[in-house]
$ cat target19.cif   # mmCIF, C-alpha atoms
data_entry
#
loop_
_atom_site.label_atom_id
_atom_site.label_comp_id
_atom_site.auth_asym_id
_atom_site.auth_seq_id
_atom_site.Cartn_x
_atom_site.Cartn_y
_atom_site.Cartn_z
CA MET A 524 0.00 0.00 0.00
CA SER A 525 1.15 3.61 0.29
CA ARG A 526 0.57 3.77 -3.42
CA ARG A 527 1.00 0.02 -3.26
CA SER A 528 -2.42 -1.47 -3.65
CA LEU A 529 -4.30 -3.18 -0.90
CA ALA A 530 -5.14 -5.44 -3.78
CA LYS A 531 -1.63 -6.72 -3.13
CA LEU A 532 -3.27 -8.48 -0.25
CA ALA A 533 -3.14 -11.23 -2.81
CA CYS A 534 0.47 -11.54 -1.74
CA VAL A 535 -0.67 -12.67 1.70
CA ALA A 536 -0.53 -16.42 2.10
CA VAL A 537 -3.38 -18.34 3.62
CA CYS A 538 -0.92 -21.17 3.82
CA GLY A 539 0.88 -19.36 6.63
CA VAL A 540 -2.25 -19.87 8.71
CA ALA A 541 -2.28 -23.51 7.78
CA LEU A 542 1.09 -23.93 9.46
CA GLN A 543 -0.65 -23.12 12.74
CA THR A 544 -4.12 -24.63 12.42
CA GLY A 545 -4.43 -26.44 9.12
CA CYS A 546 -6.11 -25.02 6.02
CA GLU A 547 -8.74 -27.73 5.91
CA SER A 548 -9.89 -27.24 9.49
CA LEU A 549 -10.25 -23.49 8.97
CA GLN A 550 -12.01 -23.94 5.64
CA PHE A 551 -10.09 -20.95 4.32
CA GLY A 552 -9.03 -21.03 0.70
CA ALA A 553 -7.89 -19.07 -2.29
CA ASN A 554 -10.21 -16.55 -3.88
CA PRO A 555 -10.48 -17.45 -7.58
CA GLU A 556 -10.56 -13.75 -8.51
CA VAL A 557 -7.03 -13.12 -7.28
CA PRO A 558 -3.70 -14.93 -7.71
CA THR A 559 -2.72 -17.87 -5.53
CA TRP A 560 -1.14 -16.88 -2.21
CA ARG A 561 2.53 -17.73 -2.04
CA TYR A 562 3.90 -15.91 0.99
CA ARG A 563 2.96 -13.72 3.94
CA PRO A 564 4.75 -10.45 4.72
CA SER A 565 5.18 -11.53 8.36
CA GLY A 566 3.87 -13.92 10.96
CA SER A 567 2.12 -11.27 13.04
CA LEU A 568 -1.38 -12.75 12.70
CA SER A 569 -2.35 -16.21 13.87
CA VAL A 570 -5.72 -17.91 14.35
CA LEU A 571 -6.57 -19.21 17.84
CA TYR A 572 -9.98 -20.66 16.95
CA LYS A 573 -12.87 -20.35 14.52
CA LYS A 574 -16.52 -21.02 15.39
CA ARG A 575 -19.56 -21.16 13.09
CA PHE A 576 -22.62 -19.38 14.49
CA LEU A 577 -24.84 -18.48 11.53
CA ALA A 578 -28.02 -20.55 11.48
CA GLU A 579 -28.13 -21.68 7.85
CA SER A 580 -31.94 -21.85 7.91
CA ARG A 581 -31.99 -18.09 8.54
CA ALA A 582 -29.55 -17.15 5.76
CA ALA A 583 -31.24 -14.72 3.36
CA GLY A 584 -30.20 -11.96 0.98
CA GLU A 585 -26.58 -10.90 0.56
CA PRO A 586 -24.12 -12.94 2.66
CA TYR A 587 -22.71 -10.15 4.82
CA GLU A 588 -22.14 -9.88 8.57
CA ARG A 589 -21.58 -6.22 9.49
CA GLY A 590 -21.75 -6.05 13.28
CA GLN A 591 -18.55 -5.39 15.22
CA PRO A 592 -18.03 -7.73 18.20
CA GLU A 593 -17.92 -6.28 21.73
CA ILE A 594 -15.36 -7.54 24.26
CA ASP A 595 -15.94 -7.82 28.01
CA VAL A 596 -12.34 -7.99 29.20
CA ARG A 597 -12.95 -8.72 32.89
CA GLY A 598 -15.60 -11.37 32.20
CA ARG A 599 -13.65 -12.83 29.25
CA ARG A 600 -16.73 -12.74 27.05
CA VAL A 601 -17.43 -11.66 23.49
CA PHE A 602 -20.81 -10.44 22.27
CA PHE A 603 -21.89 -10.05 18.65
CA GLY A 604 -24.98 -9.91 16.47
CA SER A 605 -25.76 -12.04 13.43
CA SER A 606 -27.89 -11.91 10.30
CA ASP A 607 -29.69 -15.00 11.65
CA HIS A 608 -31.62 -12.64 14.02
CA GLY A 609 -29.54 -13.51 17.07
CA LEU A 610 -27.33 -11.74 19.58
CA TYR A 611 -24.68 -14.16 20.87
CA ALA A 612 -22.55 -14.31 24.01
CA LEU A 613 -19.57 -16.62 24.09
CA SER A 614 -16.44 -17.37 26.04
CA ALA A 615 -13.50 -15.39 24.70
CA ILE A 616 -11.19 -18.22 25.79
CA ASP A 617 -12.54 -21.06 23.64
CA GLY A 618 -15.59 -19.68 21.79
CA ALA A 619 -18.13 -21.76 23.72
CA THR A 620 -21.66 -20.35 23.40
CA LEU A 621 -23.01 -18.92 26.68
CA TRP A 622 -26.43 -17.80 25.41
CA ARG A 623 -28.30 -16.51 22.36
CA PHE A 624 -31.03 -13.84 22.28
CA GLU A 625 -33.55 -13.93 19.41
CA THR A 626 -34.94 -10.80 17.70
CA VAL A 627 -37.38 -10.42 14.81
CA GLY A 628 -34.74 -9.10 12.39
CA ALA A 629 -31.04 -9.37 11.60
CA VAL A 630 -28.71 -7.96 14.25
CA GLN A 631 -26.09 -5.98 12.33
CA CYS A 632 -25.55 -3.50 15.15
CA ALA A 633 -22.40 -3.57 17.26
CA PRO A 634 -23.59 -4.20 20.84
CA LEU A 635 -22.61 -1.86 23.66
CA TYR A 636 -21.50 -3.49 26.93
CA ASP A 637 -21.91 -1.58 30.21
CA PRO A 638 -19.76 -3.20 32.93
CA ALA A 639 -21.35 -1.08 35.67
CA GLU A 640 -24.68 -2.91 35.27
CA ASP A 641 -23.37 -5.96 33.40
CA VAL A 642 -25.85 -5.32 30.59
CA LEU A 643 -25.86 -4.99 26.81
CA TYR A 644 -27.57 -2.44 24.59
CA PHE A 645 -28.03 -3.13 20.88
CA GLY A 646 -30.29 -2.51 17.91
CA SER A 647 -31.88 -4.80 15.35
CA ASN A 648 -33.19 -4.56 11.81
CA ASP A 649 -36.62 -5.18 13.35
CA GLY A 650 -36.53 -1.49 14.32
CA ALA A 651 -36.06 -2.00 18.06
CA LEU A 652 -33.44 -1.14 20.65
CA TYR A 653 -32.84 -3.76 23.34
CA LYS A 654 -31.34 -3.96 26.80
CA VAL A 655 -30.47 -7.45 28.05
CA ARG A 656 -28.54 -8.95 30.96
CA ALA A 657 -25.01 -9.87 29.88
CA LYS A 658 -24.92 -12.91 32.17
CA THR A 659 -28.07 -14.62 30.91
CA GLY A 660 -29.42 -12.75 27.88
CA GLU A 661 -32.63 -11.97 29.78
CA LEU A 662 -34.60 -9.07 28.28
CA ILE A 663 -34.83 -5.95 30.46
CA TRP A 664 -36.60 -3.64 27.98
CA ARG A 665 -37.35 -3.22 24.29
CA PHE A 666 -37.98 0.13 22.58
CA SER A 667 -39.48 0.25 19.06
CA SER A 668 -37.97 3.00 16.91
CA ASN A 669 -39.88 1.91 13.75
CA ALA A 670 -36.74 1.66 11.59
CA GLU A 671 -33.56 -0.43 11.43
CA VAL A 672 -30.94 0.31 14.09
CA ALA A 673 -27.52 -0.83 12.89
CA ARG A 674 -25.12 1.71 14.44
CA ARG A 675 -23.78 1.17 17.96
CA PRO A 676 -25.66 3.29 20.55
CA VAL A 677 -23.87 5.56 23.02
CA LEU A 678 -24.38 5.45 26.80
CA GLN A 679 -23.67 8.64 28.74
CA ALA A 680 -24.92 9.98 32.07
CA GLY A 681 -27.76 7.47 32.33
CA ARG A 682 -29.02 8.07 28.81
CA LEU A 683 -28.81 5.91 25.72
CA TYR A 684 -28.41 7.76 22.42
CA ALA A 685 -29.09 6.06 19.09
CA VAL A 686 -29.90 6.78 15.44
CA ASN A 687 -32.09 4.70 13.15
CA ALA A 688 -32.26 4.29 9.38
CA ASN A 689 -35.16 6.75 9.13
CA ASP A 690 -32.94 9.68 10.21
CA THR A 691 -34.38 9.71 13.74
CA VAL A 692 -32.18 10.56 16.72
CA LEU A 693 -33.25 9.06 20.06
CA ALA A 694 -32.38 9.77 23.67
CA LEU A 695 -33.73 7.09 26.02
CA ASP A 696 -33.63 6.60 29.76
CA ALA A 697 -31.12 3.77 30.08
CA LYS A 698 -32.87 2.30 33.13
CA THR A 699 -36.40 2.17 31.76
CA GLY A 700 -36.03 2.40 27.99
CA LYS A 701 -38.51 5.29 27.81
CA ALA A 702 -37.94 8.12 25.33
CA ILE A 703 -36.63 11.41 26.77
CA TRP A 704 -36.47 13.24 23.43
CA THR A 705 -36.39 12.50 19.71
CA GLN A 706 -35.37 14.47 16.63
CA HIS A 707 -36.20 13.57 13.04
CA ARG A 708 -35.21 14.83 9.61
CA SER A 709 -37.08 13.82 6.49
CA PRO A 710 -34.87 11.38 4.57
CA ALA A 711 -33.50 12.49 1.22
CA LEU A 712 -35.69 11.88 -1.81
CA GLY A 713 -34.02 9.66 -4.37
CA MET A 714 -31.12 7.24 -4.21
CA GLU A 715 -29.15 6.77 -1.01
CA VAL A 716 -26.07 4.80 -0.11
CA ALA A 717 -26.75 1.87 2.20
CA GLY A 718 -25.71 3.07 5.64
CA TYR A 719 -26.16 6.02 7.99
CA SER A 720 -24.47 7.93 10.77
CA GLY A 721 -24.32 6.93 14.38
CA PRO A 722 -24.30 9.53 17.19
CA LEU A 723 -21.27 11.30 18.63
CA VAL A 724 -22.01 12.46 22.19
CA TRP A 725 -19.33 15.00 23.11
CA ARG A 726 -19.03 18.26 25.03
CA GLY A 727 -22.72 18.30 25.91
CA LYS A 728 -23.96 17.81 22.35
CA VAL A 729 -25.09 14.97 20.10
CA TYR A 730 -23.63 15.24 16.59
CA VAL A 731 -25.31 13.33 13.76
CA GLY A 732 -25.11 13.19 9.94
CA PHE A 733 -28.21 12.67 7.80
CA SER A 734 -29.12 11.17 4.43
CA ASP A 735 -30.05 14.60 3.02
CA GLY A 736 -26.42 15.73 3.35
CA ASN A 737 -26.80 17.75 6.55
CA VAL A 738 -24.89 17.52 9.81
CA THR A 739 -26.52 18.82 13.01
CA ALA A 740 -25.70 19.18 16.70
CA PHE A 741 -28.38 18.73 19.37
CA ASP A 742 -28.27 19.55 23.06
CA ALA A 743 -27.65 16.22 24.82
CA GLN A 744 -30.06 17.08 27.65
CA SER A 745 -32.99 18.73 25.89
CA GLY A 746 -32.60 17.64 22.27
CA ASP A 747 -32.76 21.25 21.06
CA GLU A 748 -30.78 22.13 17.93
CA ARG A 749 -27.48 23.82 18.75
CA TRP A 750 -26.42 24.28 15.10
CA GLN A 751 -28.23 25.44 12.06
CA PRO A 752 -27.99 22.27 9.94
CA VAL A 753 -24.73 22.28 7.95
CA ASP A 754 -25.46 21.31 4.34
CA LEU A 755 -22.47 19.33 3.08
CA SER A 756 -24.35 18.43 -0.12
CA ALA A 757 -24.04 22.09 -1.09
CA GLU A 758 -20.28 21.79 -0.65
CA ALA A 759 -20.34 18.70 -2.85
CA GLU A 760 -22.37 20.52 -5.50
CA GLN A 761 -19.83 23.34 -5.54
CA ALA A 762 -16.92 20.91 -5.86
CA LEU A 763 -18.60 18.75 -8.54
CA GLY A 764 -20.28 21.56 -10.44
CA ASP A 765 -23.50 19.56 -10.35
CA ILE A 766 -26.05 18.27 -7.84
CA PRO A 767 -24.55 15.11 -6.30
CA THR A 768 -26.31 11.80 -6.92
CA TYR A 769 -25.78 10.70 -3.32
CA LEU A 770 -26.24 13.29 -0.59
CA ASP A 771 -25.55 10.98 2.36
CA VAL A 772 -23.42 11.77 5.38
CA ASP A 773 -23.09 8.18 6.60
CA THR A 774 -20.04 8.45 8.83
CA THR A 775 -20.39 8.61 12.59
CA PRO A 776 -18.77 11.94 13.55
CA VAL A 777 -15.47 12.00 15.44
CA GLY A 778 -14.58 14.78 17.89
CA GLU A 779 -11.08 16.08 18.57
CA VAL A 780 -9.26 19.21 19.78
CA ILE A 781 -6.75 20.52 17.25
CA ASN A 782 -4.87 23.83 17.01
CA ALA A 783 -7.98 25.47 15.58
CA GLY A 784 -9.98 24.33 18.62
CA ALA A 785 -12.63 21.63 19.13
CA VAL A 786 -13.73 20.16 15.80
CA VAL A 787 -15.97 17.38 14.54
CA PHE A 788 -14.78 15.27 11.60
CA VAL A 789 -17.40 13.95 9.17
CA GLY A 790 -17.43 12.42 5.70
CA SER A 791 -19.91 13.20 2.92
CA TYR A 792 -20.25 10.42 0.35
CA GLN A 793 -19.69 12.76 -2.62
CA GLY A 794 -18.51 15.90 -0.82
CA GLY A 795 -15.32 14.68 0.86
CA VAL A 796 -14.11 14.88 4.47
CA PHE A 797 -14.73 17.94 6.65
CA ALA A 798 -13.58 19.35 9.95
CA LEU A 799 -16.42 21.43 11.43
CA ASP A 800 -16.16 23.77 14.40
CA ALA A 801 -17.74 21.89 17.32
CA GLU A 802 -19.55 24.99 18.62
CA SER A 803 -20.82 26.63 15.44
CA GLY A 804 -20.60 24.04 12.65
CA THR A 805 -18.55 26.32 10.42
CA THR A 806 -16.03 24.59 8.16
CA VAL A 807 -12.46 24.58 9.50
CA TRP A 808 -11.12 22.61 6.52
CA ALA A 809 -12.39 20.35 3.75
CA ASN A 810 -10.79 17.74 1.51
CA PRO A 811 -13.18 17.14 -1.43
CA ALA A 812 -10.92 14.49 -2.99
CA VAL A 813 -11.88 11.81 -0.44
CA LEU A 814 -14.99 10.35 -2.08
CA GLY A 815 -17.18 7.42 -1.05
CA VAL A 816 -16.43 7.70 2.67
CA SER A 817 -18.10 5.12 4.91
CA ASP A 818 -16.14 5.58 8.17
CA VAL A 819 -13.73 8.07 9.73
CA THR A 820 -11.37 7.05 12.54
CA LEU A 821 -8.79 9.01 14.53
CA TRP A 822 -5.47 7.22 15.13
CA ARG A 823 -2.98 8.38 17.74
CA GLU A 824 0.60 7.41 18.51
CA PRO A 825 1.57 8.79 21.95
CA ALA A 826 4.76 10.75 22.41
CA HIS A 827 7.56 8.33 23.27
CA THR A 828 11.30 7.87 23.50
CA PRO A 829 12.80 5.37 21.00
CA LYS A 830 13.99 2.10 22.55
CA ASP A 831 17.45 2.66 21.07
CA GLY A 832 17.65 6.14 22.62
CA GLY A 833 17.55 9.54 21.01
CA PRO A 834 15.21 12.50 21.36
CA GLU A 835 11.56 12.02 22.24
CA ILE A 836 9.24 11.49 19.29
CA PRO A 837 6.20 13.78 19.56
CA GLU A 838 2.61 12.56 19.46
CA LYS A 839 1.32 11.76 16.01
CA LYS A 840 -2.30 11.82 14.82
CA LEU A 841 -3.92 10.67 11.61
CA LEU A 842 -7.52 10.94 10.47
CA LEU A 843 -8.28 7.71 8.61
CA ALA A 844 -11.09 7.63 6.04
CA SER A 845 -12.39 4.26 4.80
CA THR A 846 -14.06 4.28 1.40
CA GLY A 847 -15.38 1.68 -0.99
CA THR A 848 -14.24 3.53 -4.10
CA THR A 849 -11.17 5.76 -3.67
CA GLY A 850 -9.02 3.93 -1.16
CA LEU A 851 -8.01 4.05 2.48
CA TRP A 852 -6.87 7.60 3.23
CA ALA A 853 -4.73 9.08 5.99
CA LEU A 854 -5.22 12.81 6.48
CA ASP A 855 -3.56 15.40 8.71
CA PRO A 856 -6.25 16.25 11.30
CA GLU A 857 -4.99 19.82 11.52
CA THR A 858 -5.22 20.63 7.80
CA GLY A 859 -6.99 17.78 6.01
CA LYS A 860 -4.02 17.26 3.72
CA GLU A 861 -3.35 13.74 2.44
CA GLN A 862 -0.54 11.90 4.24
CA TRP A 863 -0.92 8.66 2.29
CA ARG A 864 -3.55 6.78 0.34
CA SER A 865 -3.88 3.10 -0.54
CA SER A 866 -6.12 1.71 -3.24
CA LEU A 867 -8.51 -1.01 -2.16
CA PRO A 868 -9.54 -4.48 -3.24
CA LYS A 869 -12.98 -4.87 -4.74
CA GLY A 870 -15.60 -4.17 -2.10
CA GLY A 871 -13.45 -1.92 0.09
CA VAL A 872 -12.42 -2.26 3.73
CA SER A 873 -13.92 -1.72 7.17
CA ALA A 874 -13.06 1.03 9.60
CA PRO A 875 -9.46 0.47 10.73
CA VAL A 876 -8.98 -0.45 14.40
CA PRO A 877 -5.74 0.50 16.21
CA MET A 878 -3.87 -2.52 17.53
CA GLN A 879 -0.30 -3.02 18.75
CA GLY A 880 0.86 0.14 17.02
CA ALA A 881 -0.72 -0.99 13.73
CA LEU A 882 -4.21 -1.02 12.17
CA LEU A 883 -6.46 -4.05 11.79
CA VAL A 884 -8.97 -3.91 8.91
CA SER A 885 -11.37 -6.33 7.25
CA ALA A 886 -11.71 -6.60 3.47
CA SER A 887 -15.25 -7.49 2.42
CA GLN A 888 -14.14 -9.92 -0.29
CA LEU A 889 -10.78 -11.08 1.07
CA GLY A 890 -10.26 -11.36 4.83
CA VAL A 891 -8.54 -9.51 7.67
CA PHE A 892 -5.28 -7.56 7.43
CA LEU A 893 -2.79 -5.75 9.62
CA VAL A 894 -1.52 -2.56 7.99
CA SER A 895 0.99 0.12 8.92
CA PRO A 896 -0.32 3.54 9.94
CA VAL A 897 2.96 5.03 8.74
CA ASP A 898 2.32 4.43 5.03
CA GLY A 899 -0.59 1.98 4.74
CA SER A 900 1.59 -0.95 3.74
CA VAL A 901 0.47 -4.51 4.55
CA ILE A 902 2.16 -6.08 7.58
CA ASP A 903 0.28 -9.37 7.53
CA GLY A 904 -3.08 -10.84 6.59
CA ILE A 905 -5.31 -13.89 6.61
CA HIS A 906 -7.56 -14.72 3.71
CA MET A 907 -11.14 -15.94 4.19
CA VAL A 908 -12.85 -17.59 1.29
CA ASP A 909 -16.01 -15.54 1.93
CA GLY A 910 -14.33 -12.31 3.11
CA SER A 911 -15.32 -10.09 6.04
CA ALA A 912 -17.40 -6.89 5.99
CA ALA A 913 -17.44 -6.50 9.79
CA THR A 914 -15.15 -4.17 11.72
CA PRO A 915 -12.79 -6.16 13.99
CA ALA A 916 -12.76 -5.78 17.79
CA THR A 917 -9.44 -5.72 19.62
CA PHE A 918 -7.94 -5.70 23.09
CA GLY A 919 -4.23 -6.07 23.77
CA ARG A 920 -2.97 -8.81 21.45
CA ARG A 921 -6.37 -10.44 20.94
CA ALA A 922 -8.80 -9.66 18.13
CA PHE A 923 -12.17 -11.00 17.04
CA VAL A 924 -13.71 -10.68 13.59
CA LEU A 925 -16.84 -12.05 11.89
CA SER A 926 -16.63 -13.58 8.46
CA ASN A 927 -19.42 -13.04 5.94
CA HIS A 928 -20.43 -16.67 6.40
CA GLY A 929 -21.15 -16.31 10.10
CA ASP A 930 -17.83 -17.53 11.54
CA LEU A 931 -16.33 -15.81 14.57
CA ILE A 932 -12.54 -15.92 14.28
CA SER A 933 -10.28 -15.30 17.27
CA LEU A 934 -6.86 -13.92 16.37
CA TYR A 935 -3.59 -13.40 18.18
CA VAL A 936 -1.51 -10.47 16.99
CA ALA A 937 2.20 -10.33 17.71
CA PRO A 938 3.56 -6.77 17.72
CA PRO A 939 5.08 -6.10 14.28
CA LYS A 940 8.81 -5.52 14.34
CA GLY A 941 9.72 -1.87 13.98
#

$ encode --input "target19.cif" --output "structure tokens"
Amino acid sequence: MSRRSLAKLACVAVCGVALQTGCESLQFGANPEVPTWRYRPSGSLSVLYKKRFLAESRAAGEPYERGQPEIDVRGRRVFFGSSDHGLYALSAIDGATLWRFETVGAVQCAPLYDPAEDVLYFGSNDGALYKVRAKTGELIWRFSSNAEVARRPVLQAGRLYAVNANDTVLALDAKTGKAIWTQHRSPALGMEVAGYSGPLVWRGKVYVGFSDGNVTAFDAQSGDERWQPVDLSAEAEQALGDIPTYLDVDTTPVGEVINAGAVVFVGSYQGGVFALDAESGTTVWANPAVLGVSDVTLWREPAHTPKDGGPEIPEKKLLLASTGTTGLWALDPETGKEQWRSSLPKGGVSAPVPMQGALLVSASQLGVFLVSPVDGSVIDGIHMVDGSAATPATFGRRAFVLSNHGDLISLYVAPPKG
């Protein structure tokens, strides 16, 4: 990568995994659309176990699993949703199933674990938000939002904030599941990209992007608008010289303090990536070249002294933009300028997750890969015959990722040299 294509993931050998677990037992194999794997860049990734959870009788539509797993570190549990309408809890040690909770629709939402109550919050394509006990899966409450909920909710100060596919923002009482306030924008007329923004709850506000191309901030307590809606589709129209086909702002906003002050980063599908002033919504900077954005992620490397001595290396930050069309981008959060860009395999990649000084990403038609935040180059990877559209979950040297065929794969990641 770094101008070297992530399509070079074809250079990553599935056979390296076989040395540890056996290709046949993992049921991984070569993708006929890319060359045969012959070597792996390193041995950083290894598979600890793989478990099949998808109920084949429930398989319908496109074979994608999109929910990010949630890790309970103290309880050594992993929670994840599935397209077979279930939320699963399993042992992180060996993958043994602890319980399964059934909903009326696919569960493509990343669950949120609250260790204070030992409970889980999650949404379903049946239009409901759920709260269940993490120990048993027992239902505590169910709230119907009347539209798919596939973005992870946010818990803050006793309130649960969520967004559904009908451009409705919800603030619920976390104890009772009763609505405190709601805000709704009429969805855009015409074609939309599949996906939508989740909520950012930060500095007393709830920031959300909408399918009509607007970004808005609401008061976290009252739900009142704190910004005039910021129309990023107008920015896209100015950059393109024409009305954009897709107006969507589907990325969950990210908040950060930079030299210009507190800003919120968002991505417009055809307008690019923006840094907006967190108080007023005015544009601090824009990069219209970053098209097709599905996720934005902030990566940090703390200030540190090199192991071999020398002066302290200052903190480094990168704003990472995942797209399905123009590549994986790394931008300077202060200016929006491109630091590096890597082209993608067909189908694109998930949001990158920081891990052991590197980034773990899933490729929807290939597998899971460890890449360098320095230049985007591939460190290591493991191919899955059915690929992975889900964002990985990580803690320490352990990672969990869902394949598109309903397998949960537990990985061990050795810190990459250098």

$ closest_residue --input "target19.cif" --among "A:Ala912, A:Leu678, A:Ile902, A:Ile932" --to "Gly590 (chain A)" --atoms "all atoms listed in the file"
A:Ala912

$ resolve_selection --input "target19.cif" --expression "the PyMOL selection byres ((chain A and resi 598-610) around 7)" --output "PyMOL selection string"
chain A and resi 577-578+581-582+588+590-597+611-616+623-634

$ residues_around --input "target19.cif" --residues "region 777-789 of chain A" --least-positions-apart "4" --cutoff "8 Å" --atoms "all atoms listed in the file" --output "tab-separated table (two decimals) with C-alpha atoms, keeping the file's coordinate frame"
chain	number	residue	atom	x	y	z
A	723	LEU	CA	-21.27	11.30	18.63
A	725	TRP	CA	-19.33	15.00	23.11
A	732	GLY	CA	-25.11	13.19	9.94
A	772	VAL	CA	-23.42	11.77	5.38
A	796	VAL	CA	-14.11	14.88	4.47
A	797	PHE	CA	-14.73	17.94	6.65
A	798	ALA	CA	-13.58	19.35	9.95
A	799	LEU	CA	-16.42	21.43	11.43
A	800	ASP	CA	-16.16	23.77	14.40
A	801	ALA	CA	-17.74	21.89	17.32
A	802	GLU	CA	-19.55	24.99	18.62
A	807	VAL	CA	-12.46	24.58	9.50
A	819	VAL	CA	-13.73	8.07	9.73
A	820	THR	CA	-11.37	7.05	12.54
A	821	LEU	CA	-8.79	9.01	14.53
A	856	PRO	CA	-6.25	16.25	11.30
A	857	GLU	CA	-4.99	19.82	11.52

$ atom_distance --input "target19.cif" --atom1 "CA of Asp903 (chain A)" --atom2 "CA of Ala916 (chain A)"
17.0 Å

$ resolve_selection --input "target19.cif" --expression "the PyMOL selection byres ((chain A and resi 896) around 9)" --output "CSV table (one decimal) with C-alpha atoms, keeping the file's coordinate frame"
chain,number,residue,atom,x,y,z
A,822,TRP,CA,-5.5,7.2,15.1
A,841,LEU,CA,-3.9,10.7,11.6
A,853,ALA,CA,-4.7,9.1,6.0
A,877,PRO,CA,-5.7,0.5,16.2
A,880,GLY,CA,0.9,0.1,17.0
A,881,ALA,CA,-0.7,-1.0,13.7
A,882,LEU,CA,-4.2,-1.0,12.2
A,894,VAL,CA,-1.5,-2.6,8.0
A,895,SER,CA,1.0,0.1,8.9
A,897,VAL,CA,3.0,5.0,8.7
A,898,ASP,CA,2.3,4.4,5.0
A,899,GLY,CA,-0.6,2.0,4.7
A,900,SER,CA,1.6,-1.0,3.7

$ atom_distance --input "target19.cif" --atom1 "CA of Tyr719 (chain A)" --atom2 "CA of Thr914 (chain A)"
15.5 Å

$ atom_distance --input "target19.cif" --atom1 "CA of Lys840 (chain A)" --atom2 "CA of Pro938 (chain A)"
19.7 Å

$ residues_around --input "target19.cif" --residues "Val813 (chain A)" --least-positions-apart "4" --cutoff "8 Å" --atoms "all atoms listed in the file" --output "ChimeraX atom specification"
/A:794-796,844,849,852

$ residues_around --input "target19.cif" --residues "Pro752 (chain A)" --least-positions-apart "5" --cutoff "12 Å" --atoms "all atoms listed in the file" --output "PyMOL selection string"
chain A and resi 708+730-733+735-741+757+799+803-805

$ build_atoms --input "target19.cif" --residues "region 806-819 of chain A" --atoms "N, CA and C atoms" --output "JSON list (two decimals), in the frame of the given file"
[["chain", "number", "residue", "atom", "x", "y", "z"],
["A", 806, "THR", "N", -17.08, 25.45, 8.70],
["A", 806, "THR", "CA", -16.03, 24.59, 8.16],
["A", 806, "THR", "C", -14.65, 25.11, 8.54],
["A", 807, "VAL", "N", -13.85, 24.26, 9.18],
["A", 807, "VAL", "CA", -12.46, 24.58, 9.50],
["A", 807, "VAL", "C", -11.57, 24.20, 8.32],
["A", 808, "TRP", "N", -11.78, 23.00, 7.77],
["A", 808, "TRP", "CA", -11.12, 22.61, 6.52],
["A", 808, "TRP", "C", -11.96, 21.55, 5.82],
["A", 809, "ALA", "N", -11.69, 21.36, 4.54],
["A", 809, "ALA", "CA", -12.39, 20.35, 3.75],
["A", 809, "ALA", "C", -11.42, 19.73, 2.76],
["A", 810, "ASN", "N", -11.56, 18.44, 2.54],
["A", 810, "ASN", "CA", -10.79, 17.74, 1.51],
["A", 810, "ASN", "C", -11.80, 17.06, 0.59],
["A", 811, "PRO", "N", -12.15, 17.69, -0.54],
["A", 811, "PRO", "CA", -13.18, 17.14, -1.43],
["A", 811, "PRO", "C", -12.73, 15.95, -2.25],
["A", 812, "ALA", "N", -11.44, 15.61, -2.18],
["A", 812, "ALA", "CA", -10.92, 14.49, -2.99],
["A", 812, "ALA", "C", -11.29, 13.14, -2.41],
["A", 813, "VAL", "N", -11.63, 13.09, -1.11],
["A", 813, "VAL", "CA", -11.88, 11.81, -0.44],
["A", 813, "VAL", "C", -13.35, 11.45, -0.67],
["A", 814, "LEU", "N", -13.62, 10.67, -1.69],
["A", 814, "LEU", "CA", -14.99, 10.35, -2.08],
["A", 814, "LEU", "C", -15.37, 8.94, -1.64],
["A", 815, "GLY", "N", -16.68, 8.74, -1.42],
["A", 815, "GLY", "CA", -17.18, 7.42, -1.05],
["A", 815, "GLY", "C", -16.90, 7.02, 0.38],
["A", 816, "VAL", "N", -16.83, 7.99, 1.29],
["A", 816, "VAL", "CA", -16.43, 7.70, 2.67],
["A", 816, "VAL", "C", -17.54, 6.96, 3.41],
["A", 817, "SER", "N", -17.16, 5.89, 4.09],
["A", 817, "SER", "CA", -18.10, 5.12, 4.91],
["A", 817, "SER", "C", -17.79, 5.21, 6.40],
["A", 818, "ASP", "N", -16.53, 5.46, 6.76],
["A", 818, "ASP", "CA", -16.14, 5.58, 8.17],
["A", 818, "ASP", "C", -14.96, 6.53, 8.29],
["A", 819, "VAL", "N", -14.91, 7.29, 9.39],
["A", 819, "VAL", "CA", -13.73, 8.07, 9.73],
["A", 819, "VAL", "C", -13.28, 7.64, 11.12]]
